[in-house]
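This is start-v7.cif. It holds mmCIF, C-alpha atoms and all ligand atoms.
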data_protein
#
loop_
_atom_site.label_atom_id
_atom_site.label_comp_id
_atom_site.auth_asym_id
_atom_site.auth_seq_id
_atom_site.Cartn_x
_atom_site.Cartn_y
_atom_site.Cartn_z
CA MET A 27 8.57 21.74 9.58
CA VAL A 28 7.87 20.44 13.09
CA PHE A 29 5.52 17.47 13.12
CA CYS A 30 4.16 17.87 16.61
CA THR A 31 2.85 21.36 16.12
CA ARG A 32 0.33 19.92 13.68
CA VAL A 33 -3.32 19.87 14.72
CA GLY A 34 -4.18 16.62 16.48
CA LEU A 35 -0.65 15.72 17.56
CA THR A 36 0.42 15.89 21.21
CA ASP A 37 3.52 16.05 23.42
CA ASP A 38 3.54 12.24 23.48
CA ASP A 39 3.66 12.29 19.69
CA LYS A 40 6.71 14.54 19.90
CA ILE A 41 8.55 11.90 21.96
CA LEU A 42 7.40 9.20 19.54
CA ALA A 43 8.50 11.28 16.55
CA GLU A 44 11.97 11.95 17.95
CA MET A 45 12.53 8.28 18.74
CA LEU A 46 11.26 7.13 15.34
CA MET A 47 13.16 9.81 13.46
CA ARG A 48 16.42 8.53 14.94
CA PHE A 49 15.54 4.95 13.97
CA SER A 50 14.41 5.98 10.50
CA GLN A 51 17.49 8.05 9.74
CA GLU A 52 20.08 5.81 11.40
CA LYS A 53 18.77 2.34 10.56
CA LEU A 54 16.34 2.55 7.65
CA ALA A 55 17.65 5.34 5.42
CA PRO A 56 21.17 3.90 4.97
CA MET A 57 19.68 0.60 3.76
CA ALA A 58 16.96 2.03 1.53
CA ALA A 59 19.07 2.42 -1.61
CA ILE A 60 20.60 -1.04 -1.10
CA LEU A 61 17.21 -2.78 -0.81
CA ASP A 62 16.12 -0.92 -3.93
CA ARG A 63 19.25 -1.61 -5.99
CA ASP A 64 19.62 -5.28 -5.01
CA ASN A 65 15.87 -6.00 -5.01
CA LEU A 66 15.99 -7.21 -1.38
CA SER A 67 13.04 -7.56 0.98
CA ALA A 68 12.47 -4.94 3.66
CA ALA A 69 11.56 -7.86 5.94
CA CYS A 70 15.20 -7.69 7.13
CA HIS A 71 13.94 -4.81 9.31
CA LEU A 72 11.18 -6.87 10.95
CA PRO A 73 13.09 -7.65 14.20
CA ALA A 74 13.91 -3.97 14.73
CA LEU A 75 10.35 -2.89 13.91
CA ALA A 76 9.03 -5.49 16.36
CA GLU A 77 11.39 -4.34 19.10
CA LEU A 78 10.03 -0.81 18.79
CA GLY A 79 6.45 -2.10 18.90
CA LEU A 80 5.79 -0.87 15.37
CA THR A 81 4.28 -4.16 14.18
CA GLY A 82 1.40 -3.70 16.63
CA ILE A 83 0.66 0.04 16.60
CA ASN A 84 -2.87 -0.65 15.26
CA VAL A 85 -3.62 -3.44 17.77
CA PRO A 86 -4.88 -3.21 21.39
CA GLU A 87 -2.53 -4.26 24.17
CA LYS A 88 -4.82 -7.20 24.93
CA PHE A 89 -3.72 -8.73 21.63
CA GLY A 90 -0.04 -7.91 21.84
CA GLY A 91 -0.08 -4.42 20.33
CA VAL A 92 0.66 -0.93 21.57
CA ALA A 93 -2.60 0.68 20.36
CA LEU A 94 -1.57 4.09 19.08
CA LYS A 95 -4.30 6.55 18.22
CA PRO A 96 -4.92 7.01 14.47
CA ALA A 97 -3.04 10.34 14.21
CA SER A 98 0.00 8.76 15.88
CA ILE A 99 -0.17 5.84 13.42
CA VAL A 100 -0.08 8.37 10.58
CA LEU A 101 2.88 10.09 12.18
CA ALA A 102 4.76 6.82 12.75
CA ILE A 103 4.24 5.53 9.20
CA SER A 104 5.24 8.88 7.70
CA ILE A 105 8.51 8.87 9.63
CA ILE A 106 9.28 5.27 8.64
CA ALA A 107 8.57 6.22 5.00
CA GLN A 108 10.96 9.17 5.23
CA GLY A 109 13.76 6.71 5.83
CA CYS A 110 12.55 3.85 3.65
CA ALA A 111 9.26 3.84 1.74
CA ALA A 112 9.50 0.09 1.09
CA THR A 113 9.59 -0.59 4.82
CA ALA A 114 6.54 1.63 5.35
CA SER A 115 4.77 -0.17 2.52
CA MET A 116 5.61 -3.58 4.00
CA LEU A 117 4.22 -2.42 7.35
CA GLY A 118 1.10 -1.10 5.60
CA ALA A 119 0.47 -4.54 4.07
CA HIS A 120 1.04 -6.08 7.52
CA PHE A 121 -1.62 -3.72 8.92
CA LEU A 122 -4.05 -4.81 6.17
CA GLY A 123 -3.79 -8.36 7.49
CA THR A 124 -3.81 -7.47 11.18
CA ASP A 125 -6.71 -5.01 10.79
CA ALA A 126 -8.70 -7.78 9.07
CA LEU A 127 -8.12 -10.04 12.10
CA LEU A 128 -8.92 -7.24 14.50
CA LEU A 129 -12.10 -6.09 12.75
CA GLY A 130 -13.36 -9.46 11.50
CA GLY A 131 -12.02 -12.02 13.97
CA ASN A 132 -13.42 -13.42 17.20
CA ASP A 133 -11.33 -13.38 20.38
CA ALA A 134 -10.02 -16.93 19.88
CA GLN A 135 -8.85 -16.07 16.33
CA ARG A 136 -7.30 -12.83 17.55
CA GLU A 137 -5.43 -14.58 20.35
CA GLN A 138 -4.13 -17.34 18.10
CA PHE A 139 -3.29 -15.36 14.98
CA LEU A 140 -3.26 -11.63 15.74
CA THR A 141 -1.14 -11.59 18.89
CA PRO A 142 2.03 -13.09 17.34
CA LEU A 143 1.66 -10.78 14.34
CA ALA A 144 1.27 -7.69 16.52
CA GLN A 145 4.35 -8.79 18.46
CA GLY A 146 6.26 -9.00 15.18
CA LYS A 147 6.80 -12.75 15.25
CA GLY A 148 5.91 -12.72 11.57
CA LEU A 149 4.28 -10.57 8.92
CA ALA A 150 0.66 -10.53 7.81
CA ALA A 151 -0.58 -10.35 4.22
CA PHE A 152 -3.95 -9.57 2.65
CA ALA A 153 -4.91 -11.49 -0.49
CA LEU A 154 -7.84 -9.81 -2.22
CA THR A 155 -6.56 -8.90 -5.70
CA GLU A 156 -6.56 -11.52 -8.47
CA PRO A 157 -5.07 -11.66 -11.96
CA GLY A 158 -8.50 -10.81 -13.39
CA CYS A 159 -9.77 -8.30 -10.81
CA GLY A 160 -8.25 -5.52 -8.74
CA SER A 161 -10.58 -2.53 -8.62
CA ASN A 162 -13.74 -4.63 -8.51
CA PRO A 163 -13.34 -7.37 -5.88
CA ALA A 164 -16.93 -8.50 -6.53
CA GLU A 165 -15.57 -10.26 -9.62
CA LEU A 166 -13.03 -12.42 -7.80
CA THR A 167 -13.04 -16.08 -8.81
CA THR A 168 -11.17 -17.84 -6.00
CA TYR A 169 -13.71 -20.19 -4.46
CA ALA A 170 -14.05 -21.73 -1.02
CA MET A 171 -16.15 -24.87 -0.65
CA ARG A 172 -17.18 -26.27 2.71
CA GLU A 173 -15.95 -29.87 3.11
CA GLY A 174 -16.93 -31.13 6.57
CA ASP A 175 -14.92 -29.28 9.20
CA TYR A 176 -12.78 -27.60 6.52
CA TYR A 177 -12.99 -25.17 3.66
CA ARG A 178 -11.15 -26.02 0.48
CA ILE A 179 -9.90 -22.82 -1.16
CA VAL A 180 -9.04 -22.95 -4.86
CA GLY A 181 -7.86 -20.09 -7.06
CA GLY A 182 -5.15 -17.52 -7.67
CA LYS A 183 -4.10 -14.14 -6.29
CA GLN A 184 -1.91 -11.38 -7.70
CA PHE A 185 0.25 -8.56 -6.30
CA ILE A 186 0.07 -9.83 -2.73
CA SER A 187 2.55 -7.87 -0.64
CA ASN A 188 4.48 -9.78 2.06
CA ALA A 189 3.06 -13.18 0.95
CA GLU A 190 6.38 -15.02 0.89
CA GLU A 191 7.58 -13.49 4.18
CA ALA A 192 4.18 -13.79 5.88
CA ARG A 193 3.24 -15.93 8.84
CA THR A 194 -0.48 -15.48 8.16
CA ILE A 195 -2.38 -14.49 5.01
CA ILE A 196 -5.98 -13.27 4.96
CA VAL A 197 -7.52 -14.73 1.81
CA PHE A 198 -10.78 -13.59 0.23
CA ALA A 199 -12.79 -16.19 -1.67
CA LYS A 200 -16.33 -16.68 -2.93
CA THR A 201 -18.42 -19.06 -0.86
CA ASP A 202 -21.39 -18.36 -3.13
CA LYS A 203 -20.67 -17.82 -6.81
CA ASN A 204 -24.08 -16.28 -7.49
CA LEU A 205 -24.07 -13.47 -4.95
CA GLY A 206 -21.48 -10.97 -6.27
CA ASN A 207 -19.85 -9.08 -3.40
CA LYS A 208 -22.27 -10.64 -0.89
CA GLY A 209 -20.83 -14.07 -1.72
CA ILE A 210 -17.28 -13.14 -0.61
CA SER A 211 -15.85 -14.58 2.62
CA ALA A 212 -12.51 -14.06 4.38
CA PHE A 213 -10.27 -16.84 5.68
CA ILE A 214 -7.18 -17.06 7.82
CA LEU A 215 -4.52 -18.98 5.90
CA PRO A 216 -1.32 -19.87 7.76
CA ARG A 217 1.65 -19.42 5.43
CA ASP A 218 2.73 -23.06 5.82
CA THR A 219 -0.62 -24.48 4.64
CA ALA A 220 -0.16 -27.32 2.15
CA GLY A 221 -1.28 -26.40 -1.35
CA LEU A 222 -0.26 -22.73 -1.13
CA VAL A 223 2.26 -21.97 -3.87
CA ILE A 224 3.96 -18.57 -3.95
CA ASP A 225 5.58 -17.46 -7.19
CA ARG A 226 8.75 -15.39 -7.32
CA ALA A 227 8.40 -11.72 -6.43
CA GLU A 228 7.38 -9.24 -9.13
CA ASN A 229 10.18 -7.05 -10.47
CA LEU A 230 8.73 -3.69 -9.46
CA MET A 231 9.48 -0.14 -10.63
CA GLY A 232 9.56 1.26 -7.10
CA ILE A 233 9.00 0.16 -3.48
CA ARG A 234 11.24 -2.72 -4.57
CA GLY A 235 11.84 -3.85 -0.99
CA GLY A 236 8.07 -4.22 -0.44
CA LYS A 237 7.73 -7.51 -2.23
CA ALA A 238 4.56 -8.50 -4.12
CA TYR A 239 3.81 -12.06 -5.22
CA ALA A 240 1.34 -14.14 -7.20
CA LEU A 241 -0.27 -17.04 -5.30
CA THR A 242 -1.81 -20.29 -6.47
CA LEU A 243 -4.12 -21.95 -3.97
CA ASP A 244 -5.55 -25.39 -3.57
CA CYS A 245 -5.63 -25.53 0.23
CA ARG A 246 -7.73 -26.69 3.11
CA VAL A 247 -8.23 -24.59 6.25
CA PRO A 248 -10.29 -25.47 9.35
CA ALA A 249 -13.82 -24.05 9.22
CA SER A 250 -12.89 -22.11 12.38
CA ASN A 251 -10.54 -20.01 10.18
CA LEU A 252 -13.53 -18.26 8.58
CA LEU A 253 -13.60 -14.59 9.68
CA GLY A 254 -17.14 -13.72 10.76
CA ASN A 255 -19.82 -15.42 8.69
CA GLU A 256 -19.92 -16.53 5.09
CA GLY A 257 -20.58 -13.45 2.97
CA ASP A 258 -18.98 -10.97 5.40
CA GLY A 259 -15.75 -10.72 3.40
CA PHE A 260 -16.49 -7.77 1.10
CA LYS A 261 -17.58 -5.38 3.84
CA LEU A 262 -14.64 -6.48 5.96
CA ALA A 263 -12.28 -5.72 3.06
CA MET A 264 -13.87 -2.28 2.61
CA LYS A 265 -13.48 -1.44 6.31
CA VAL A 266 -9.87 -2.58 6.29
CA LEU A 267 -9.20 -0.54 3.15
CA ASP A 268 -10.60 2.58 4.85
CA ASN A 269 -7.83 2.21 7.44
CA SER A 270 -5.19 1.28 4.91
CA ARG A 271 -5.91 4.31 2.74
CA LEU A 272 -4.83 6.43 5.69
CA ASP A 273 -1.67 4.32 5.95
CA VAL A 274 -0.93 4.92 2.26
CA ALA A 275 -1.55 8.66 2.68
CA ALA A 276 0.93 8.60 5.58
CA THR A 277 3.51 6.82 3.40
CA CYS A 278 3.04 9.53 0.76
CA LEU A 279 3.60 12.21 3.40
CA GLY A 280 6.87 10.56 4.41
CA ILE A 281 8.26 10.19 0.89
CA ALA A 282 7.24 13.74 0.02
CA GLN A 283 8.77 15.08 3.26
CA ALA A 284 12.07 13.39 2.41
CA ALA A 285 12.05 14.77 -1.15
CA PHE A 286 11.11 18.25 0.08
CA ALA A 287 13.94 18.21 2.62
CA CYS A 288 16.40 17.31 -0.16
CA ALA A 289 15.02 20.12 -2.33
CA THR A 290 15.25 22.79 0.38
CA GLU A 291 18.81 21.79 1.33
CA TRP A 292 19.98 21.54 -2.27
CA THR A 293 18.54 24.87 -3.37
CA LYS A 294 20.10 26.55 -0.35
CA ALA A 295 23.58 25.16 -1.06
CA ARG A 296 23.63 25.19 -4.87
CA MET A 297 25.09 28.41 -6.28
CA VAL A 298 23.94 29.72 -9.66
CA GLY A 299 25.16 33.03 -11.06
CA GLY A 300 26.74 33.99 -7.72
CA LYS A 301 23.76 33.34 -5.46
CA PRO A 302 21.98 30.31 -3.99
CA LEU A 303 19.35 28.69 -6.16
CA ASN A 304 16.70 29.37 -3.53
CA MET A 305 17.16 33.13 -3.96
CA ARG A 306 15.59 32.84 -7.43
CA GLN A 307 11.90 33.66 -7.52
CA GLY A 308 11.07 30.76 -9.84
CA VAL A 309 12.67 28.32 -7.42
CA GLN A 310 10.92 29.89 -4.43
CA TRP A 311 7.58 29.56 -6.20
CA THR A 312 8.27 25.91 -6.88
CA LEU A 313 9.19 25.36 -3.21
CA ALA A 314 6.05 27.24 -2.19
CA ASP A 315 3.84 25.01 -4.33
CA MET A 316 5.53 21.89 -2.95
CA GLY A 317 5.12 23.09 0.65
CA CYS A 318 1.44 23.98 0.14
CA GLN A 319 0.66 20.59 -1.38
CA LEU A 320 2.46 18.78 1.42
CA GLU A 321 0.71 20.74 4.16
CA ALA A 322 -2.70 20.28 2.51
CA ALA A 323 -2.11 16.51 2.40
CA TRP A 324 -1.15 16.55 6.09
CA GLY A 325 -4.37 18.40 6.84
CA LEU A 326 -6.59 15.94 4.98
CA THR A 327 -4.81 12.94 6.47
CA LEU A 328 -4.98 14.15 10.06
CA GLN A 329 -8.63 15.13 9.56
CA ALA A 330 -9.43 11.57 8.45
CA ALA A 331 -7.43 10.21 11.40
CA TYR A 332 -9.40 12.49 13.74
CA LEU A 333 -12.74 11.21 12.41
CA ARG A 334 -11.50 7.63 12.76
CA ALA A 335 -10.44 8.32 16.36
CA CYS A 336 -13.89 9.76 17.12
CA GLN A 337 -15.46 6.64 15.56
CA GLN A 338 -17.22 8.84 13.02
CA PRO A 339 -17.68 7.66 9.42
CA PHE A 340 -14.37 8.36 7.71
CA THR A 341 -14.58 6.49 4.39
CA MET A 342 -14.79 9.71 2.37
CA ALA A 343 -12.11 11.46 4.42
CA ALA A 344 -9.74 8.48 4.03
CA SER A 345 -10.32 8.37 0.28
CA MET A 346 -9.76 12.12 0.00
CA ALA A 347 -6.53 11.84 1.99
CA LYS A 348 -5.30 8.90 -0.09
CA LEU A 349 -6.26 10.53 -3.40
CA PHE A 350 -4.75 13.91 -2.59
CA ALA A 351 -1.61 12.61 -0.86
CA SER A 352 -0.81 10.14 -3.63
CA GLU A 353 -1.17 12.81 -6.32
CA MET A 354 0.79 15.22 -4.11
CA VAL A 355 3.76 12.88 -3.64
CA ASN A 356 4.10 12.44 -7.39
CA PHE A 357 4.12 16.23 -7.82
CA VAL A 358 6.55 16.91 -4.96
CA THR A 359 9.04 14.17 -5.87
CA ASP A 360 8.98 15.23 -9.53
CA ARG A 361 9.67 18.89 -8.66
CA ALA A 362 12.37 17.91 -6.14
CA LEU A 363 14.14 15.89 -8.85
CA GLN A 364 13.78 18.79 -11.31
CA LEU A 365 15.37 21.22 -8.85
CA HIS A 366 18.41 18.92 -8.64
CA GLY A 367 18.90 19.03 -12.41
CA GLY A 368 21.04 16.23 -13.87
CA TYR A 369 22.15 15.10 -10.41
CA GLY A 370 18.57 14.29 -9.54
CA TYR A 371 18.42 11.82 -12.40
CA THR A 372 21.37 9.79 -11.09
CA GLN A 373 21.37 7.01 -8.53
CA GLU A 374 23.95 8.96 -6.50
CA LEU A 375 21.01 10.81 -4.95
CA PRO A 376 17.69 9.37 -3.70
CA LEU A 377 15.50 11.63 -5.87
CA GLU A 378 14.98 9.17 -8.72
CA ARG A 379 14.07 6.47 -6.16
CA PHE A 380 11.56 8.80 -4.53
CA VAL A 381 9.95 9.36 -7.94
CA ARG A 382 9.75 5.60 -8.60
CA ASP A 383 8.48 4.87 -5.08
CA ALA A 384 5.79 7.53 -5.39
CA ARG A 385 4.24 6.11 -8.55
CA ILE A 386 2.50 3.07 -7.03
CA MET A 387 0.73 5.27 -4.48
CA ARG A 388 -1.76 6.31 -7.19
CA ILE A 389 -2.47 2.66 -7.97
CA TYR A 390 -2.47 0.31 -4.98
CA GLU A 391 -5.08 -0.01 -2.23
CA GLY A 392 -7.60 1.68 -4.51
CA SER A 393 -6.39 3.66 -7.52
CA SER A 394 -6.99 7.40 -7.81
CA GLU A 395 -9.94 6.55 -10.06
CA ILE A 396 -11.45 4.30 -7.35
CA GLN A 397 -10.96 7.01 -4.72
CA ARG A 398 -12.80 9.49 -6.97
CA THR A 399 -15.58 6.92 -7.37
CA VAL A 400 -15.87 6.42 -3.59
CA ILE A 401 -15.81 10.19 -2.91
CA GLY A 402 -18.13 11.05 -5.80
CA ARG A 403 -20.73 8.46 -4.78
CA LEU A 404 -20.73 9.66 -1.18
CA ILE A 405 -21.10 13.30 -2.27
CA ALA A 406 -23.88 12.39 -4.69
CA ASN A 407 -25.77 10.42 -2.05
N1 LIG A 501 -17.22 0.30 4.92
C1 LIG A 501 -18.23 -0.55 5.21
N2 LIG A 501 -19.10 -1.03 4.28
C2 LIG A 501 -18.93 -0.62 3.01
C3 LIG A 501 -17.88 0.25 2.62
C4 LIG A 501 -17.02 0.72 3.65
N3 LIG A 501 -16.02 1.56 3.36
N4 LIG A 501 -17.97 0.48 1.29
C5 LIG A 501 -19.02 -0.23 0.85
N5 LIG A 501 -19.60 -0.89 1.88
C6 LIG A 501 -20.79 -1.73 1.85
C7 LIG A 501 -21.96 -0.94 1.27
O1 LIG A 501 -22.63 -0.21 2.27
C8 LIG A 501 -22.83 -2.04 0.69
O2 LIG A 501 -23.58 -2.60 1.73
P1 LIG A 501 -25.12 -3.12 1.47
O3 LIG A 501 -25.00 -4.12 0.36
O4 LIG A 501 -25.51 -3.72 2.77
O5 LIG A 501 -25.89 -1.92 1.06
C9 LIG A 501 -21.80 -3.06 0.22
O6 LIG A 501 -20.60 -2.80 0.95
C10 LIG A 501 -21.52 -2.95 -1.25
O7 LIG A 501 -21.10 -1.62 -1.52
P2 LIG A 501 -21.06 -1.02 -2.99
O8 LIG A 501 -22.37 -1.27 -3.66
O9 LIG A 501 -20.56 0.38 -2.91
O10 LIG A 501 -19.99 -1.98 -3.67
P3 LIG A 501 -19.30 -1.92 -5.06
O11 LIG A 501 -19.14 -3.30 -5.55
O12 LIG A 501 -20.01 -0.95 -5.96
O13 LIG A 501 -17.85 -1.37 -4.62
C11 LIG A 501 -15.94 0.10 -4.60
C12 LIG A 501 -17.36 -0.25 -5.13
C13 LIG A 501 -15.30 0.92 -5.67
C14 LIG A 501 -16.11 0.95 -3.36
C15 LIG A 501 -15.10 -1.12 -4.22
O14 LIG A 501 -15.19 -2.09 -5.22
C16 LIG A 501 -13.64 -0.78 -4.01
O15 LIG A 501 -13.28 -0.14 -3.02
N6 LIG A 501 -12.78 -1.20 -4.92
C17 LIG A 501 -11.33 -1.03 -4.78
C18 LIG A 501 -10.72 -2.20 -4.15
C19 LIG A 501 -9.30 -1.93 -3.84
O16 LIG A 501 -8.95 -0.94 -3.22
N7 LIG A 501 -8.42 -2.82 -4.27
C20 LIG A 501 -7.02 -2.63 -4.04
C21 LIG A 501 -6.35 -3.87 -3.68
S1 LIG A 501 -6.68 -4.45 -2.11
S2 LIG A 501 -5.03 -4.15 -1.16
#

I'd like the structure from this file rewritten - as structure tokens, please.
Ligand code: COS
Amino acid sequence: MVFCTRVGLTDDDKILAEMLMRFSQEKLAPMAAILDRDNLSAACHLPALAELGLTGINVPEKFGGVALKPASIVLAISIIAQGCAATASMLGAHFLGTDALLLGGNDAQREQFLTPLAQGKGLAAFALTEPGCGSNPAELTTYAMREGDYYRIVGGKQFISNAEEARTIIVFAKTDKNLGNKGISAFILPRDTAGLVIDRAENLMGIRGGKAYALTLDCRVPASNLLGNEGDGFKLAMKVLDNSRLDVAATCLGIAQAAFACATEWTKARMVGGKPLNMRQGVQWTLADMGCQLEAAWGLTLQAAYLRACQQPFTMAASMAKLFASEMVNFVTDRALQLHGGYGYTQELPLERFVRDARIMRIYEGSSEIQRTVIGRLIAN
């Protein structure tokens, strides 16, 4: 399948795709199994990602980025994920933090904090989830109290990707305990802030190179580190998540593309009863179902990217893309493993890793159930 013949992609995207495909296959793919097996951080790839401008593809040039259009961002993330899903996931978490600065920050905050992140001088992280709340951020219990020219932030966070490796963490905290989601504010927290304690990384089933940590906070940040006004945090998080759901869909496309490629090659080469596996009707039907699902997910994802590029509302389209692509990648990786038989279940081949990597896609950055809630509410209204 040729990426750049897809609707919405251009000749420039073809050049981008060829360059990234080389990087993904030559640099990322050979390391992917090692990061997974040895539980190492994909942050080892940060210098190379920065050199290619990938740390700032969502950021305008004015703030150190390279400002790709949304469809090109989808393309880029999908190609990174083909080589190493953990690296794509780490970049996705970086974009959560940088998008928050871009959408919620003033120019002084962007210059100070966003520019070095876009240039890849460090990673960003986005600390919304807590031990007691993931799907419903309105229930978060980390508090921020104004103390003169500072805010004191006290609480705990859970499953925060990139936290240990980050240069800057965007932290969400209640500035008014009585206002539900309208009492949530967002703060810029430099990683070296005193009182920030980062626990050891979680031992994850998949995406093991995309590290996630628990945080304990009793920190002070300058009042100028507040993003927007007090109470703006929830809507900012929702806007950032609209973007990030496209990034997750793109990661799903990349993992599924890699699994599908393995399946098509394997079934062509594997002989059963004197003919290649892919000459069997049952196998062809499985490949057909996988291909249809993958193409449908591409369609939904590029449609959402198109709406985003046109500055049209794209919340529903992003949720549809994330929901469908995350379910799709679980289907495609499962069928790809099945077509490989016993070999697929071994760590000699990447199929079992693809299956493990795919599983979190239905959970993080809004579970499938949350996406159905977002879509269902928008349809009903
Ligand atoms: N963009 C901008 N504003 C949005 C928005 C979006 N995508 N979604 C909601 N809002 C606004 C609403 O318009 C509403 O504004 P007003 O109060 O001015 O009317 C406000 O935010 C509250 O919206 P809503 O009532 O829908 O909030 P809920 O508390 O019911 O939120 C969902 C429901 C499910 C949408 C939300 O809690 C959610 O997305 N949860 C999942 C969080 C998540 O993905 N966590 C993963 C970890 S973070 S990496």

Handout entry: Atomic distance atom CA of A:Ala119 - atom CA of A:Glu353, expressed in Å with one decimal
Key =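 Taking atom CA of A:Ala119 and atom CA of A:Glu353, their separation equals 20.3 Å.
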
Just want the residues within 7 Å of ligand LIG 501 (chain A), written as a short mmCIF file (atom, residue, chain, number, x, y, z; two decimals) with C-alpha atoms, keeping the file's coordinate frame, counting only C-alpha atoms and all ligand atoms.
data_model
loop_
_atom_site.label_atom_id
_atom_site.label_comp_id
_atom_site.auth_asym_id
_atom_site.auth_seq_id
_atom_site.Cartn_x
_atom_site.Cartn_y
_atom_site.Cartn_z
CA PHE A 152 -3.95 -9.57 2.65
CA LEU A 154 -7.84 -9.81 -2.22
CA THR A 155 -6.56 -8.90 -5.70
CA GLY A 160 -8.25 -5.52 -8.74
CA SER A 161 -10.58 -2.53 -8.62
CA ASN A 162 -13.74 -4.63 -8.51
CA PRO A 163 -13.34 -7.37 -5.88
CA ALA A 164 -16.93 -8.50 -6.53
CA ASN A 207 -19.85 -9.08 -3.40
CA PHE A 260 -16.49 -7.77 1.10
CA LYS A 261 -17.58 -5.38 3.84
CA LEU A 262 -14.64 -6.48 5.96
CA MET A 264 -13.87 -2.28 2.61
CA LYS A 265 -13.48 -1.44 6.31
CA LEU A 267 -9.20 -0.54 3.15
CA ASP A 268 -10.60 2.58 4.85
CA THR A 341 -14.58 6.49 4.39
CA TYR A 390 -2.47 0.31 -4.98
CA GLU A 391 -5.08 -0.01 -2.23
CA GLY A 392 -7.60 1.68 -4.51
CA SER A 393 -6.39 3.66 -7.52
CA ILE A 396 -11.45 4.30 -7.35
CA THR A 399 -15.58 6.92 -7.37
CA VAL A 400 -15.87 6.42 -3.59
#

Considering all atoms listed in the file, tabulate each residue of stretch 115-213 of chain A that lies at most 10 Å from stretch 83-101 of chain A along with its nearest interatomic pair and the corresponding distance in Å to one decimal; arrange the rows by chain and ascending residue number and present them as CSV.
residue,atom,partner,partner_atom,distance
A:Phe121,CA,A:Asn84,CA,7.2
A:Thr124,CA,A:Val85,CA,7.7
A:Asp125,CA,A:Asn84,CA,7.3
A:Leu127,CA,A:Val85,CA,9.8
A:Leu128,CA,A:Val85,CA,7.3
A:Asp133,CA,A:Phe89,CA,9.0
A:Arg136,CA,A:Phe89,CA,6.8
A:Glu137,CA,A:Phe89,CA,6.2
A:Gln138,CA,A:Phe89,CA,9.3
A:Phe139,CA,A:Phe89,CA,9.4
A:Leu140,CA,A:Phe89,CA,6.6
A:Thr141,CA,A:Phe89,CA,4.7
A:Pro142,CA,A:Gly90,CA,7.2
A:Leu143,CA,A:Gly90,CA,8.2
A:Ala144,CA,A:Gly91,CA,5.2
A:Gln145,CA,A:Gly90,CA,5.6
A:Gly146,CA,A:Gly90,CA,9.2

With 5 Å added on each side, what axis-aligned box encloses every listed atom of stretch 306-321 of chain A? Give the centre and edge lengths in Å to one decimal, as lines of an AutoDock Vina configuration file.
center_x = 8.1
center_y = 26.2
center_z = -2.8
size_x = 24.9
size_y = 24.9
size_z = 24.0

Exercise for the section: Find the residue from A:Arg271, A:Lys294, A:Arg382, A:Arg403 that sits nearest to A:Ala344; use only C-alpha atoms when measuring. Expected result: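 Checking each candidate against A:Ala344, we get A:Arg271 as the closest.
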
Problem - Near-A:Leu272 list (9 Å; only C-alpha atoms; drop same-chain fewer than 2 positions) as a list in words - result: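 The residues that qualify are Pro96, Val100, Leu267, Asp268, Asn269, Ser270, Val274, Ala275, Ala276, Thr277, Thr327, Leu328, Ala330, Ala331, Ala343, Ala344, Ser345, Ala347 and Lys348 of chain A.
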
Go through stretch 104-151 of chain A residue by residue and, counting only C-alpha atoms, keep those with an atom at most 10 Å from stretch 40-45 of chain A; for each kept residue give the shortest atom pair and its distance in Å to one decimal, ordered by chain and increasing number, as CSV.
residue,atom,partner,partner_atom,distance
A:Ser104,CA,A:Ala43,CA,9.7
A:Ile105,CA,A:Ala43,CA,7.3
A:Ile106,CA,A:Ala43,CA,10.0

Practice task
Go ahead and compute the interatomic distance for atom CA of A:Gly317 and atom CA of A:Thr293, in Å to one decimal.
Solution key: 14.1 Å

Problem - atom CA of A:Gln397 to atom CA of A:Leu166, straight-line distance in Å - result: 19.8 Å

Handout entry: Residue list as a PyMOL selection string for point (-7.4, -30.2, 3.0), cut-off 12 Å, all atoms listed in the file
Key = chain A and resi 170-180+215+219-222+243-249

Problem - Protein, DNA and RNA residues within 6 Å of (-12.2, -12.2, 8.7), all atoms listed in the file, as a count of residues only - result: 8

Practice task
Go through A:Ala107, A:Leu80, A:Leu72, A:Ala384 one by one, measure the shortest atom-to-atom distance of each to A:Gln51 using only C-alpha atoms, and give the residue with the smallest value.
Solution key: A:Ala107

Problem - Pick from A:Gly109, A:Ser115, A:Ile210, A:Asp38, whichever lies nearest to A:Ala287 using only C-alpha atoms - result: A:Gly109

Exercise for the section: Go through A:Ile186, A:Ser394, A:Met387, A:His366 one by one, measure the shortest atom-to-atom distance of each to A:Met297 using all atoms listed in the file, and give the residue with the smallest value. Expected result: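 Using all atoms listed in the file, the shortest distance to A:Met297 belongs to A:His366.
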
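Distances here use all atoms listed in the file; by that measure, the residue among A:Ala150, A:Ile401, A:Ile60, A:Ile233 closest to A:Ile195 is A:Ala150.
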